[in-house]
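> The structure is given below, and queries will be raised subsequently.
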Amino acid sequence: MKELKILGVVIFFTLIVYIGVEPFAHSQMHHKADPADFSFKDLPPNNKVGDITRGKELVMGAGACTGCHSIKSIGIEAPMDDATASASYGVVPPDLSSIGYLYDENFLAALIKDPKVALKVEHKFQNKPHPMSSFAGAGGDIDQEIADMVSYFKSIAPKKMSDKEVFIDACGRCHSMKYDKFIRNSDSKSLQDYLGSNPPDLSITIRWKSKEYLETFINNPQSQLHGTAMPRVGLKEAPQEQIINYFESVGDSKKAERESLTPKIIGFFIIFTILAYLWKKSMWREVQ
(Lines give C-alpha, C1' and ligand atoms only; values in the text may rest on other atoms or scores of the structure.)
Protein backbone atom coordinates (compact mmCIF):
# COMPACT_ATOMS: atom_id res chain seq x y z
CA MET A 1 0.00 0.00 0.00
CA LYS A 2 2.87 2.37 0.74
CA GLU A 3 4.10 2.14 -2.86
CA LEU A 4 0.61 2.81 -4.21
CA LYS A 5 0.36 5.93 -2.07
CA ILE A 6 3.71 7.15 -3.39
CA LEU A 7 2.56 6.44 -6.94
CA GLY A 8 -0.64 8.35 -6.28
CA VAL A 9 1.29 11.37 -5.01
CA VAL A 10 3.58 11.32 -8.06
CA ILE A 11 0.60 11.11 -10.44
CA PHE A 12 -1.19 13.92 -8.57
CA PHE A 13 1.68 16.39 -8.81
CA THR A 14 2.44 15.37 -12.40
CA LEU A 15 -1.15 16.18 -13.35
CA ILE A 16 -0.94 19.55 -11.58
CA VAL A 17 2.18 20.44 -13.59
CA TYR A 18 0.75 19.15 -16.85
CA ILE A 19 -2.76 20.59 -16.53
CA GLY A 20 -2.03 23.76 -14.56
CA VAL A 21 1.56 24.94 -14.87
CA GLU A 22 2.41 23.91 -18.45
CA PRO A 23 -0.56 25.66 -20.13
CA PHE A 24 0.13 28.81 -18.09
CA ALA A 25 3.82 28.78 -19.10
CA HIS A 26 2.80 28.21 -22.72
CA SER A 27 0.39 31.17 -22.60
CA GLN A 28 3.15 33.42 -21.27
CA MET A 29 5.73 32.34 -23.82
CA HIS A 30 3.45 32.45 -26.88
CA HIS A 31 1.55 35.51 -28.00
CA LYS A 32 -2.20 35.02 -28.01
CA ALA A 33 -3.63 35.90 -31.42
CA ASP A 34 -7.22 36.27 -32.52
CA PRO A 35 -8.62 33.40 -34.62
CA ALA A 36 -7.96 33.57 -38.36
CA ASP A 37 -10.39 35.86 -40.18
CA PHE A 38 -11.18 34.26 -43.53
CA SER A 39 -13.82 36.88 -44.33
CA PHE A 40 -11.24 39.70 -44.05
CA LYS A 41 -13.64 41.98 -42.25
CA ASP A 42 -11.00 44.71 -41.91
CA LEU A 43 -11.16 45.29 -45.68
CA PRO A 44 -13.97 47.29 -47.32
CA PRO A 45 -16.36 44.91 -49.10
CA ASN A 46 -16.92 45.15 -52.83
CA ASN A 47 -20.57 44.25 -53.39
CA LYS A 48 -20.57 44.74 -57.15
CA VAL A 49 -21.51 41.81 -59.38
CA GLY A 50 -18.65 41.21 -61.78
CA ASP A 51 -18.85 40.70 -65.52
CA ILE A 52 -16.41 38.03 -66.78
CA THR A 53 -16.15 39.34 -70.34
CA ARG A 54 -15.47 42.89 -69.23
CA GLY A 55 -13.05 41.56 -66.64
CA LYS A 56 -11.02 39.79 -69.30
CA GLU A 57 -10.79 42.99 -71.32
CA LEU A 58 -9.52 44.89 -68.29
CA VAL A 59 -6.99 42.21 -67.31
CA MET A 60 -5.57 42.14 -70.83
CA GLY A 61 -5.82 45.90 -71.36
CA ALA A 62 -6.36 48.82 -69.01
CA GLY A 63 -5.75 46.74 -65.89
CA ALA A 64 -2.22 46.14 -67.15
CA CYS A 65 -2.01 42.83 -65.25
CA THR A 66 -0.14 41.06 -68.04
CA GLY A 67 2.48 43.80 -68.07
CA CYS A 68 4.05 42.09 -65.05
CA HIS A 69 2.27 38.77 -64.58
CA SER A 70 1.91 35.56 -66.53
CA ILE A 71 -1.36 33.67 -66.91
CA LYS A 72 0.04 30.38 -68.09
CA SER A 73 -3.29 28.54 -68.03
CA ILE A 74 -4.41 30.59 -71.04
CA GLY A 75 -1.00 30.72 -72.72
CA ILE A 76 0.26 34.12 -71.53
CA GLU A 77 3.88 34.05 -70.43
CA ALA A 78 5.53 36.58 -68.12
CA PRO A 79 7.12 39.57 -69.88
CA MET A 80 10.38 38.98 -67.94
CA ASP A 81 12.28 35.89 -66.93
CA ASP A 82 12.45 35.13 -63.20
CA ALA A 83 15.95 36.57 -62.70
CA THR A 84 15.11 39.88 -64.38
CA ALA A 85 11.76 40.17 -62.59
CA SER A 86 13.34 39.39 -59.23
CA ALA A 87 16.02 42.02 -59.78
CA SER A 88 13.41 44.57 -60.90
CA TYR A 89 10.75 44.05 -58.23
CA GLY A 90 12.57 42.24 -55.43
CA VAL A 91 10.33 39.23 -55.89
CA VAL A 92 8.96 37.40 -58.93
CA PRO A 93 5.38 38.52 -59.68
CA PRO A 94 3.00 35.56 -59.31
CA ASP A 95 1.31 33.75 -62.15
CA LEU A 96 -2.39 34.67 -62.07
CA SER A 97 -3.83 31.38 -63.25
CA SER A 98 -4.81 30.12 -59.81
CA ILE A 99 -5.51 33.28 -57.80
CA GLY A 100 -9.26 32.78 -58.14
CA TYR A 101 -8.85 29.40 -56.42
CA LEU A 102 -6.43 30.55 -53.74
CA TYR A 103 -7.60 33.93 -52.55
CA ASP A 104 -10.74 35.28 -50.97
CA GLU A 105 -12.52 37.50 -53.51
CA ASN A 106 -12.89 40.38 -51.04
CA PHE A 107 -9.16 40.21 -50.33
CA LEU A 108 -8.39 39.97 -54.04
CA ALA A 109 -10.49 43.05 -54.79
CA ALA A 110 -8.73 45.00 -52.03
CA LEU A 111 -5.35 43.79 -53.30
CA ILE A 112 -6.03 45.12 -56.80
CA LYS A 113 -7.22 48.44 -55.38
CA ASP A 114 -4.49 49.01 -52.76
CA PRO A 115 -1.85 46.28 -52.27
CA LYS A 116 -0.25 47.86 -49.19
CA VAL A 117 -3.52 47.87 -47.25
CA ALA A 118 -4.66 44.40 -48.33
CA LEU A 119 -1.27 42.86 -47.56
CA LYS A 120 -0.88 44.78 -44.28
CA VAL A 121 2.56 46.12 -45.17
CA GLU A 122 1.87 49.86 -44.94
CA HIS A 123 4.59 50.11 -42.29
CA LYS A 124 7.17 48.83 -44.77
CA PHE A 125 6.14 51.02 -47.70
CA GLN A 126 5.46 54.33 -46.00
CA ASN A 127 8.12 56.18 -47.97
CA LYS A 128 8.44 54.07 -51.08
CA PRO A 129 6.07 52.57 -53.63
CA HIS A 130 4.91 49.00 -53.41
CA PRO A 131 6.20 46.82 -56.30
CA MET A 132 2.59 46.15 -57.30
CA SER A 133 0.88 49.29 -58.56
CA SER A 134 -2.60 50.12 -57.35
CA PHE A 135 -5.30 49.87 -60.02
CA ALA A 136 -6.26 53.45 -60.90
CA GLY A 137 -9.35 52.55 -62.89
CA ALA A 138 -10.19 52.52 -66.58
CA GLY A 139 -12.48 55.54 -66.60
CA GLY A 140 -15.61 53.97 -65.13
CA ASP A 141 -16.76 52.81 -61.70
CA ILE A 142 -13.51 51.51 -60.22
CA ASP A 143 -15.24 49.11 -57.81
CA GLN A 144 -17.24 47.64 -60.69
CA GLU A 145 -14.11 47.27 -62.80
CA ILE A 146 -12.31 45.51 -59.98
CA ALA A 147 -15.30 43.19 -59.47
CA ASP A 148 -15.18 42.40 -63.19
CA MET A 149 -11.50 41.43 -62.98
CA VAL A 150 -12.05 39.29 -59.89
CA SER A 151 -14.90 37.48 -61.67
CA TYR A 152 -12.62 36.77 -64.61
CA PHE A 153 -9.86 35.39 -62.39
CA LYS A 154 -12.39 33.14 -60.67
CA SER A 155 -13.65 31.92 -64.05
CA ILE A 156 -10.21 30.73 -65.20
CA ALA A 157 -9.12 29.29 -61.86
CA PRO A 158 -8.61 25.52 -61.56
CA LYS A 159 -11.33 23.58 -59.77
CA LYS A 160 -8.81 21.52 -57.85
CA MET A 161 -5.15 21.86 -56.82
CA SER A 162 -2.77 19.57 -54.95
CA ASP A 163 -1.32 20.67 -51.61
CA LYS A 164 2.08 21.18 -53.20
CA GLU A 165 0.66 23.24 -56.06
CA VAL A 166 -1.08 25.51 -53.56
CA PHE A 167 2.18 25.94 -51.65
CA ILE A 168 4.16 26.76 -54.78
CA ASP A 169 1.65 29.33 -56.03
CA ALA A 170 1.00 30.95 -52.65
CA CYS A 171 4.42 30.71 -50.96
CA GLY A 172 6.99 29.58 -53.52
CA ARG A 173 8.12 33.01 -54.67
CA CYS A 174 9.70 33.70 -51.25
CA HIS A 175 10.10 30.32 -49.56
CA SER A 176 11.77 27.03 -50.47
CA MET A 177 10.87 23.51 -49.42
CA LYS A 178 14.21 21.77 -49.76
CA TYR A 179 13.04 18.51 -48.19
CA ASP A 180 10.68 18.18 -51.15
CA LYS A 181 13.30 19.44 -53.63
CA PHE A 182 11.55 22.74 -54.31
CA ILE A 183 13.66 25.92 -54.47
CA ARG A 184 11.97 29.33 -54.61
CA ASN A 185 12.07 31.18 -57.91
CA SER A 186 13.14 34.61 -56.56
CA ASP A 187 16.79 35.59 -56.21
CA SER A 188 17.99 35.51 -52.58
CA LYS A 189 19.91 38.80 -52.71
CA SER A 190 17.03 40.71 -54.35
CA LEU A 191 14.53 39.16 -51.97
CA GLN A 192 16.60 40.08 -48.92
CA ASP A 193 16.92 43.67 -50.14
CA TYR A 194 13.16 43.75 -50.76
CA LEU A 195 12.05 42.24 -47.44
CA GLY A 196 14.96 43.22 -45.21
CA SER A 197 15.64 39.58 -44.34
CA ASN A 198 16.00 36.25 -46.08
CA PRO A 199 12.75 34.22 -45.89
CA PRO A 200 13.39 30.80 -44.32
CA ASP A 201 13.12 27.40 -45.89
CA LEU A 202 9.84 25.90 -44.62
CA SER A 203 10.73 22.20 -44.71
CA ILE A 204 10.44 21.66 -40.96
CA THR A 205 8.22 24.61 -40.05
CA ILE A 206 5.53 22.28 -38.71
CA ARG A 207 8.04 20.93 -36.17
CA TRP A 208 8.92 24.29 -34.60
CA LYS A 209 5.61 26.08 -35.10
CA SER A 210 2.30 24.53 -34.12
CA LYS A 211 -0.60 24.11 -36.49
CA GLU A 212 -2.56 26.64 -34.42
CA TYR A 213 0.24 29.20 -34.77
CA LEU A 214 0.44 28.70 -38.53
CA GLU A 215 -3.31 29.10 -38.95
CA THR A 216 -3.20 32.62 -37.50
CA PHE A 217 0.23 33.56 -38.86
CA ILE A 218 -0.49 32.77 -42.52
CA ASN A 219 -3.83 34.57 -42.31
CA ASN A 220 -2.29 37.62 -40.64
CA PRO A 221 1.47 37.61 -39.92
CA GLN A 222 1.21 40.87 -37.96
CA SER A 223 -0.95 39.12 -35.36
CA GLN A 224 1.96 36.90 -34.33
CA LEU A 225 5.01 38.91 -35.36
CA HIS A 226 4.29 42.62 -35.28
CA GLY A 227 6.34 44.60 -37.78
CA THR A 228 7.28 41.62 -39.93
CA ALA A 229 7.88 42.26 -43.62
CA MET A 230 5.91 39.16 -44.54
CA PRO A 231 2.63 40.20 -46.19
CA ARG A 232 -0.75 38.79 -45.34
CA VAL A 233 -1.32 35.94 -47.78
CA GLY A 234 -5.10 36.31 -48.16
CA LEU A 235 -5.92 32.65 -48.67
CA LYS A 236 -9.32 31.08 -48.36
CA GLU A 237 -9.63 28.63 -45.49
CA ALA A 238 -9.41 25.47 -47.63
CA PRO A 239 -6.19 26.44 -49.50
CA GLN A 240 -4.59 27.52 -46.23
CA GLU A 241 -5.44 24.12 -44.76
CA GLN A 242 -3.82 22.52 -47.81
CA ILE A 243 -0.60 24.42 -47.15
CA ILE A 244 -0.49 23.28 -43.54
CA ASN A 245 -1.18 19.70 -44.68
CA TYR A 246 1.73 20.03 -47.07
CA PHE A 247 3.97 21.24 -44.22
CA GLU A 248 3.01 18.14 -42.25
CA SER A 249 3.56 15.77 -45.19
CA VAL A 250 7.07 17.13 -45.78
CA GLY A 251 8.30 18.07 -42.30
CA ASP A 252 6.46 15.56 -40.15
CA SER A 253 5.73 12.61 -42.41
CA LYS A 254 5.91 10.16 -39.48
CA LYS A 255 3.28 11.99 -37.42
CA ALA A 256 0.53 9.38 -37.85
CA GLU A 257 2.94 6.53 -37.12
CA ARG A 258 4.31 8.35 -34.07
CA GLU A 259 0.87 9.12 -32.68
CA SER A 260 -0.24 5.51 -33.19
CA LEU A 261 2.53 4.42 -30.80
CA THR A 262 1.22 6.55 -27.92
CA PRO A 263 -1.52 4.16 -26.68
CA LYS A 264 0.85 1.21 -27.10
CA ILE A 265 3.50 2.88 -24.93
CA ILE A 266 0.94 3.83 -22.29
CA GLY A 267 -0.39 0.28 -22.34
CA PHE A 268 3.15 -1.08 -21.93
CA PHE A 269 3.80 1.07 -18.85
CA ILE A 270 0.46 0.09 -17.30
CA ILE A 271 1.16 -3.62 -17.78
CA PHE A 272 4.78 -3.18 -16.62
CA THR A 273 3.59 -1.38 -13.47
CA ILE A 274 1.07 -4.12 -12.65
CA LEU A 275 3.63 -6.87 -13.20
CA ALA A 276 6.26 -5.03 -11.15
CA TYR A 277 3.79 -4.58 -8.29
CA LEU A 278 2.76 -8.25 -8.37
CA TRP A 279 6.42 -9.32 -8.49
CA LYS A 280 7.23 -7.06 -5.54
CA LYS A 281 4.34 -8.53 -3.50
CA SER A 282 5.47 -12.03 -4.32
CA MET A 283 9.09 -11.34 -3.33
CA TRP A 284 8.13 -9.65 -0.05
CA ARG A 285 5.77 -12.52 0.80
CA GLU A 286 8.67 -14.99 0.55
CA VAL A 287 10.92 -12.73 2.66
CA GLN A 288 8.33 -12.52 5.40
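Note on naming: chains are A, B, ... as they come in the C-alpha coordinates, residues start from 1 per chain, ligands start from 1 in the order shown.
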How close does each residue of range 144-255 of chain A get to range 81-101 of chain A, giving the shortest atom pair and distance in Å to one decimal for every residue with an atom at most 6 Å away, counting only C-alpha atoms, sorted by chain and residue number, as JSON lines?


{"residue": "A:Phe153", "atom": "CA", "partner": "A:Gly100", "partner_atom": "CA", "distance": 5.0}
{"residue": "A:Lys154", "atom": "CA", "partner": "A:Gly100", "partner_atom": "CA", "distance": 4.0}
{"residue": "A:Ala157", "atom": "CA", "partner": "A:Ser98", "partner_atom": "CA", "distance": 4.8}
{"residue": "A:Ser186", "atom": "CA", "partner": "A:Val91", "partner_atom": "CA", "distance": 5.4}
{"residue": "A:Asp187", "atom": "CA", "partner": "A:Ser86", "partner_atom": "CA", "distance": 6.0}
{"residue": "A:Ser190", "atom": "CA", "partner": "A:Gly90", "partner_atom": "CA", "distance": 4.8}
{"residue": "A:Leu191", "atom": "CA", "partner": "A:Gly90", "partner_atom": "CA", "distance": 5.0}
{"residue": "A:Tyr194", "atom": "CA", "partner": "A:Gly90", "partner_atom": "CA", "distance": 4.9}

> If you run DSSP over the backbone, which residues in range 73-286 of chain A end up helix (DSSP H, G or I)? Put them as a ChimeraX atom specification.

/A:73-74,82-89,99-102,105-113,115-119,142-156,163-171,178-180,188-195,205-208,211-219,221-224,237-251,255-286

> Applying 6 Å and only C-alpha atoms, which residues near Ala78 in chain A remain after dropping the ones on its own chain fewer than 2 positions away? List them as a PyMOL selection string.

chain A and resi 69-70+80

> Find the spatial neighbours of Cys174 in chain A, counting only C-alpha atoms, within a cut-off of 7 Å - ignore same-chain residues fewer than 2 positions away - and output them as a PyMOL selection string.

chain A and resi 171-172+184+186+199

> For Val166 in chain A, list every protein, DNA or RNA residue within 7 Å, evaluated using only C-alpha atoms, and leave out those in the same chain fewer than 5 positions away; present the list as a PyMOL selection string.

chain A and resi 161+239+243

> Nearest to Lys72 in chain A among A:Pro158, A:Gly267, A:Pro221, A:Gly139, with distances taken over only C-alpha atoms: which residue is it?

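For Lys72 in chain A, the nearest of the given residues is A:Pro158.
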
> I'd like the neighbourhood of Leu111 in chain A as a ChimeraX atom specification, where a residue qualifies if any of its atoms comes within 10 Å (using only C-alpha atoms), though same-chain residues fewer than 2 positions away should be ignored.

/A:43,105-109,113-119,132-135,146,234
